[in-house]
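Have a look at run_16.cif below; it lists mmCIF, C-alpha atoms.
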data_final
#
loop_
_atom_site.group_PDB
_atom_site.id
_atom_site.type_symbol
_atom_site.label_atom_id
_atom_site.label_comp_id
_atom_site.auth_asym_id
_atom_site.auth_seq_id
_atom_site.Cartn_x
_atom_site.Cartn_y
_atom_site.Cartn_z
ATOM 1 C CA MET E 1 -15.395 -3.903 15.364
ATOM 2 C CA ASN E 2 -16.035 -5.758 12.078
ATOM 3 C CA ARG E 3 -13.344 -6.554 9.464
ATOM 4 C CA LYS E 4 -14.069 -3.500 7.336
ATOM 5 C CA GLU E 5 -13.894 -1.145 10.321
ATOM 6 C CA MET E 6 -10.722 -2.845 11.552
ATOM 7 C CA GLY E 7 -9.126 -2.476 8.106
ATOM 8 C CA ALA E 8 -10.043 1.214 7.936
ATOM 9 C CA GLU E 9 -8.607 1.769 11.423
ATOM 10 C CA LYS E 10 -5.314 0.029 10.574
ATOM 11 C CA GLU E 11 -5.015 1.991 7.314
ATOM 12 C CA ARG E 12 -5.551 5.216 9.274
ATOM 13 C CA LEU E 13 -2.826 4.181 11.753
ATOM 14 C CA ALA E 14 -0.485 3.326 8.866
ATOM 15 C CA ALA E 15 -1.084 6.712 7.192
ATOM 16 C CA GLU E 16 -0.351 8.545 10.456
ATOM 17 C CA TYR E 17 2.776 6.435 10.986
ATOM 18 C CA LEU E 18 4.033 7.273 7.488
ATOM 19 C CA GLU E 19 3.264 10.986 7.813
ATOM 20 C CA ARG E 20 5.259 11.195 11.052
ATOM 21 C CA ARG E 21 8.209 9.890 9.038
ATOM 22 C CA GLY E 22 8.033 12.459 6.237
ATOM 23 C CA PHE E 23 5.617 10.684 3.896
ATOM 24 C CA TYR E 24 3.065 12.941 2.189
ATOM 25 C CA VAL E 25 -0.255 11.125 1.678
ATOM 26 C CA THR E 26 -2.057 12.219 -1.500
ATOM 27 C CA ALA E 27 -4.775 9.540 -1.692
ATOM 28 C CA ARG E 28 -6.258 6.735 0.364
ATOM 29 C CA ASN E 29 -8.294 3.739 -0.751
ATOM 30 C CA PHE E 30 -7.920 4.345 -4.485
ATOM 31 C CA ARG E 31 -10.244 1.883 -6.215
ATOM 32 C CA CYS E 32 -10.772 1.007 -9.834
ATOM 33 C CA ARG E 33 -11.612 -2.030 -11.914
ATOM 34 C CA GLN E 34 -8.008 -3.271 -11.654
ATOM 35 C CA GLY E 35 -7.981 -3.303 -7.849
ATOM 36 C CA GLU E 36 -7.329 -1.120 -4.823
ATOM 37 C CA ILE E 37 -4.348 0.686 -3.355
ATOM 38 C CA ASP E 38 -4.539 1.535 0.336
ATOM 39 C CA ILE E 39 -2.282 4.608 0.415
ATOM 40 C CA ILE E 40 -0.678 6.691 -2.343
ATOM 41 C CA GLY E 41 1.778 9.445 -1.641
ATOM 42 C CA ARG E 42 5.183 11.018 -2.057
ATOM 43 C CA HIS E 43 8.376 10.210 -0.194
ATOM 44 C CA GLU E 44 11.947 11.200 -0.990
ATOM 45 C CA GLY E 45 11.167 12.030 -4.623
ATOM 46 C CA TYR E 46 9.155 8.872 -5.300
ATOM 47 C CA LEU E 47 5.509 8.357 -6.103
ATOM 48 C CA VAL E 48 4.747 5.573 -3.615
ATOM 49 C CA PHE E 49 1.987 2.984 -3.626
ATOM 50 C CA VAL E 50 1.492 1.408 -0.201
ATOM 51 C CA GLU E 51 -0.235 -1.827 0.729
ATOM 52 C CA VAL E 52 -1.304 -2.085 4.381
ATOM 53 C CA LYS E 53 -1.643 -5.544 5.916
ATOM 54 C CA TYR E 54 -2.711 -6.386 9.456
ATOM 55 C CA ARG E 55 -2.517 -9.581 11.438
ATOM 56 C CA SER E 56 -3.421 -9.711 15.119
ATOM 57 C CA THR E 57 -1.342 -12.872 15.610
ATOM 58 C CA LYS E 58 0.971 -15.057 13.541
ATOM 59 C CA ASN E 59 -1.543 -17.937 13.481
ATOM 60 C CA ARG E 60 -2.280 -17.220 9.799
ATOM 61 C CA GLY E 61 1.270 -16.105 8.977
ATOM 62 C CA SER E 62 2.858 -12.694 9.190
ATOM 63 C CA ALA E 63 1.260 -9.560 7.806
ATOM 64 C CA LEU E 64 4.156 -9.161 5.377
ATOM 65 C CA GLU E 65 3.679 -12.669 3.983
ATOM 66 C CA ALA E 66 0.096 -11.739 3.107
ATOM 67 C CA VAL E 67 1.349 -9.533 0.255
ATOM 68 C CA THR E 68 1.567 -12.385 -2.226
ATOM 69 C CA ALA E 69 2.858 -12.306 -5.810
ATOM 70 C CA PHE E 70 -0.771 -12.218 -6.989
ATOM 71 C CA LYS E 71 -1.461 -9.184 -4.777
ATOM 72 C CA GLN E 72 1.729 -7.480 -5.995
ATOM 73 C CA ARG E 73 0.672 -7.894 -9.651
ATOM 74 C CA ARG E 74 -2.765 -6.467 -8.867
ATOM 75 C CA ILE E 75 -1.219 -3.475 -7.056
ATOM 76 C CA CYS E 76 1.072 -2.808 -10.031
ATOM 77 C CA ARG E 77 -1.838 -2.963 -12.509
ATOM 78 C CA THR E 78 -3.819 -0.568 -10.333
ATOM 79 C CA ALA E 79 -0.812 1.744 -10.002
ATOM 80 C CA ASP E 80 -0.375 1.743 -13.796
ATOM 81 C CA TYR E 81 -4.005 2.788 -14.182
ATOM 82 C CA TYR E 82 -3.625 5.508 -11.508
ATOM 83 C CA ARG E 83 -0.522 6.881 -13.240
ATOM 84 C CA MET E 84 -2.303 6.907 -16.611
ATOM 85 C CA MET E 85 -5.332 8.709 -15.098
ATOM 86 C CA LYS E 86 -3.133 11.323 -13.415
ATOM 87 C CA GLY E 87 -0.804 11.788 -16.403
ATOM 88 C CA VAL E 88 2.266 10.610 -14.503
ATOM 89 C CA ASP E 89 5.181 10.149 -16.894
ATOM 90 C CA ASP E 90 6.597 6.629 -17.302
ATOM 91 C CA SER E 91 10.042 7.930 -16.363
ATOM 92 C CA SER E 92 8.820 9.096 -12.926
ATOM 93 C CA ALA E 93 10.366 7.377 -9.915
ATOM 94 C CA VAL E 94 7.833 4.897 -8.509
ATOM 95 C CA ARG E 95 8.086 2.673 -5.458
ATOM 96 C CA TYR E 96 5.969 -0.045 -3.856
ATOM 97 C CA ASP E 97 6.015 -0.153 -0.053
ATOM 98 C CA VAL E 98 4.257 -2.314 2.507
ATOM 99 C CA VAL E 99 3.169 -1.316 5.985
ATOM 100 C CA ALA E 100 2.798 -4.539 7.938
ATOM 101 C CA ILE E 101 0.998 -4.292 11.269
ATOM 102 C CA GLN E 102 1.589 -7.363 13.396
ATOM 103 C CA GLY E 103 -0.338 -7.089 16.651
ATOM 104 C CA GLU E 104 0.712 -3.670 17.969
ATOM 105 C CA GLU E 105 3.990 -3.453 15.998
ATOM 106 C CA ILE E 106 4.249 -1.502 12.752
ATOM 107 C CA PHE E 107 6.863 -2.320 10.123
ATOM 108 C CA TRP E 108 7.424 -0.097 7.082
ATOM 109 C CA VAL E 109 9.106 -2.001 4.279
ATOM 110 C CA ILE E 110 10.404 0.515 1.754
ATOM 111 C CA ASN E 111 10.664 -0.772 -1.823
ATOM 112 C CA ALA E 112 9.072 -4.052 -0.740
ATOM 113 C CA PHE E 113 8.719 -5.373 -4.283
ATOM 114 C CA PRO E 114 9.578 -4.309 -7.843
ATOM 115 C CA HIS E 115 7.127 -3.161 -10.476
ATOM 116 C CA ILE E 116 5.597 -6.129 -12.245
ATOM 117 C CA CYS E 117 4.763 -5.355 -15.869
ATOM 118 C CA ARG E 118 1.507 -6.381 -17.426
ATOM 119 C CA GLY E 119 1.649 -9.597 -19.251
#
For the structure just supplied, provide its representation as structure tokens.
Amino acid sequence: MNRKEMGAEKERLAAEYLERRGFYVTARNFRCRQGEIDIIGRHEGYLVFVEVKYRSTKNRGSALEAVTAFKQRRICRTADYYRMMKGVDDSSAVRYDVVAIQGEEIFWVINAFPHICRG
């Protein structure tokens, strides 16, 4: 399996994992000029943007560590664009989660980072 296929498989596993826990997936692999968001959905009244990261081992660090400040800013810019496109009000509850897959273990970090404003 190549990297792209592996990424798609892990994103599918993450979406299934979230759905089993009451998460409603509304979009996957949203792409635009600003970047990409792996999973978008609703959970407990929030519009949630989810980054999925996979690491087979800890040789290159943990999957959670791979969601750097740079990546967080890019996710927030992409989420802002998504919200504008969909007409989502600025007062809507928004959350940024991470699903970290480390080997065979899956960790769902709710509210993993705050919204980072453009600037």
- Message: Suppose a student applies the PyMOL selection byres ((chain E and resi 102-104) around 10) to this structure; what residues should they get, written as a VMD selection string?
- Response: chain E and resid 53 to 58 61 to 64 99 to 101 105 to 107
- Message: Set the distance at 12 Å and use all atoms listed in the file: which residues neighbour E:Glu44 once local chain neighbours fewer than 2 positions away are removed? I'd like the list as a list of chain:residue names.
- Response: E:Arg21, E:Gly22, E:Phe23, E:Tyr24, E:Gly41, E:Arg42, E:Tyr46, E:Leu47, E:Val48, E:Ala93, E:Val94, E:Arg95, E:Ile110
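Distances here use all atoms listed in the file; by that measure, the residue among E:Ala15, E:Val98, E:Met1, E:Val88 closest to E:Val67 is E:Val98.
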- Message: What's around E:Ile39 at 12 Å? Count only C-alpha atoms, leave out sequence neighbours fewer than 6 positions away in its own chain, and write the answer as a PyMOL selection string.
- Response: chain E and resi 8+10-19+23-31+47-53+75+79+96-99
- Note on the structure: One residue among E:Glu65, E:Glu5, E:Asp89, E:Asp80 is nearest to E:Ala112 when using only C-alpha atoms, and that residue is E:Glu65
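Taking atom CA of E:Cys32 as the reference point, atom CA of E:Thr78 is found at 7.1 Å.
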- Pull out every residue that the PyMOL selection byres ((chain E and resi 115) around 8) matches in the shown coordinates and put them as a VMD selection string. chain E and resid 76 95 to 96 113 to 114 116 to 117
- Please, what distance in Å, to one decimal, runs between atom CA of E:Arg77 and atom CA of E:Gly35? 7.7 Å
- atom CA of E:Trp108 to atom CA of E:Arg20: how many Å, to one decimal? 12.2 Å
